[in-house]
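All remarks here apply to the structure that follows.
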Amino acid sequence: TLTFEGDNYQGIFHDEEIQWFHPQPQNNLEGDDLLDLESKVYDLITNYVYQDFKGKSLFENQVHECHQ
């Protein structure tokens with residue numbers, strides 16, 4: 001989740017790719033602004049997110065249990 005130029009965006013980072021939810025930044029941003037946003041997200045994820053972090057179970061002991 002992030003806010004860029006007043007717009008809120010959410011997405012997931014999977015297999016080295018950002019998969020945006022609605023609204024998608026490419027609908028609101030063009031050219032350099034879109035590249036700037038995605039490069040900042042890649043930088044944050046690769047330099048900070050993959051450091052030591054803890055996960056927790058969601059829906060523990062249920063069929064659709066997953067980790068957050």
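Please note that chains go A, B, ... in the order of the structure tokens, that every chain numbers its residues from 1, and that ligands are numbered from 1 in the order shown.
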
Please, which residues of segment 2-53 of chain A, numbered as in this document, come out strand (DSSP E or B) from DSSP, as a ChimeraX atom specification? /A:2-4,7-9,11-14,17-20

Would you mind telling me which residue in A:Asp33, A:Thr1, A:Lys40, A:Asn61 lies nearest to Gln19 of chain A when using only C-alpha atoms? A:Thr1

Long-range neighbours of Thr3 of chain A as a list in words, 12 Å cut-off, only C-alpha atoms, 5 positions minimum in chain: Asn8, Tyr9, Gln10, Gly11, Pro23, Gln24, Pro25, Leu37, Lys40 and Val41 of chain A

Deliver the residues from the most recent selection as a file, using N, CA and C atoms, as a compact mmCIF listing (two decimals), in the first residue's frame.
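See part-v6.txt below for the written result:
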# COMPACT_ATOMS: atom_id res chain seq x y z
N ASN A 8 -4.05 6.70 -3.61
CA ASN A 8 -3.69 5.50 -2.86
C ASN A 8 -3.68 4.30 -3.80
N TYR A 9 -2.61 3.52 -3.72
CA TYR A 9 -2.47 2.32 -4.55
C TYR A 9 -2.18 1.13 -3.66
N GLN A 10 -2.67 -0.03 -4.06
CA GLN A 10 -2.39 -1.27 -3.37
C GLN A 10 -2.02 -2.32 -4.41
N GLY A 11 -1.16 -3.22 -4.01
CA GLY A 11 -0.77 -4.29 -4.91
C GLY A 11 0.04 -5.33 -4.17
N PRO A 23 -7.31 1.32 -7.82
CA PRO A 23 -6.91 1.84 -9.12
C PRO A 23 -5.46 1.48 -9.43
N GLN A 24 -5.16 1.31 -10.66
CA GLN A 24 -3.80 0.99 -11.07
C GLN A 24 -3.08 2.28 -11.45
N PRO A 25 -1.80 2.41 -11.05
CA PRO A 25 -1.08 3.65 -11.32
C PRO A 25 -0.99 3.98 -12.81
N LEU A 37 7.47 5.94 -9.71
CA LEU A 37 6.72 5.22 -8.69
C LEU A 37 7.16 3.76 -8.61
N LYS A 40 10.67 3.29 -7.16
CA LYS A 40 10.70 3.47 -5.70
C LYS A 40 10.15 2.24 -4.99
N VAL A 41 9.09 1.65 -5.53
CA VAL A 41 8.52 0.45 -4.93
C VAL A 41 9.53 -0.70 -5.00

Measuring atom to atom with only C-alpha atoms, identify which of A:Tyr42, A:Phe59, A:Asn47, A:Leu2 is nearest to Phe21 of chain A.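 That would be A:Leu2, the residue with the smallest distance to Phe21 of chain A.
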
From a DSSP pass on the backbone, collect the residues of segment 7-61 of chain A flagged as helix (DSSP H, G or I) and hand them back as a ChimeraX atom specification. /A:25-28,31-49
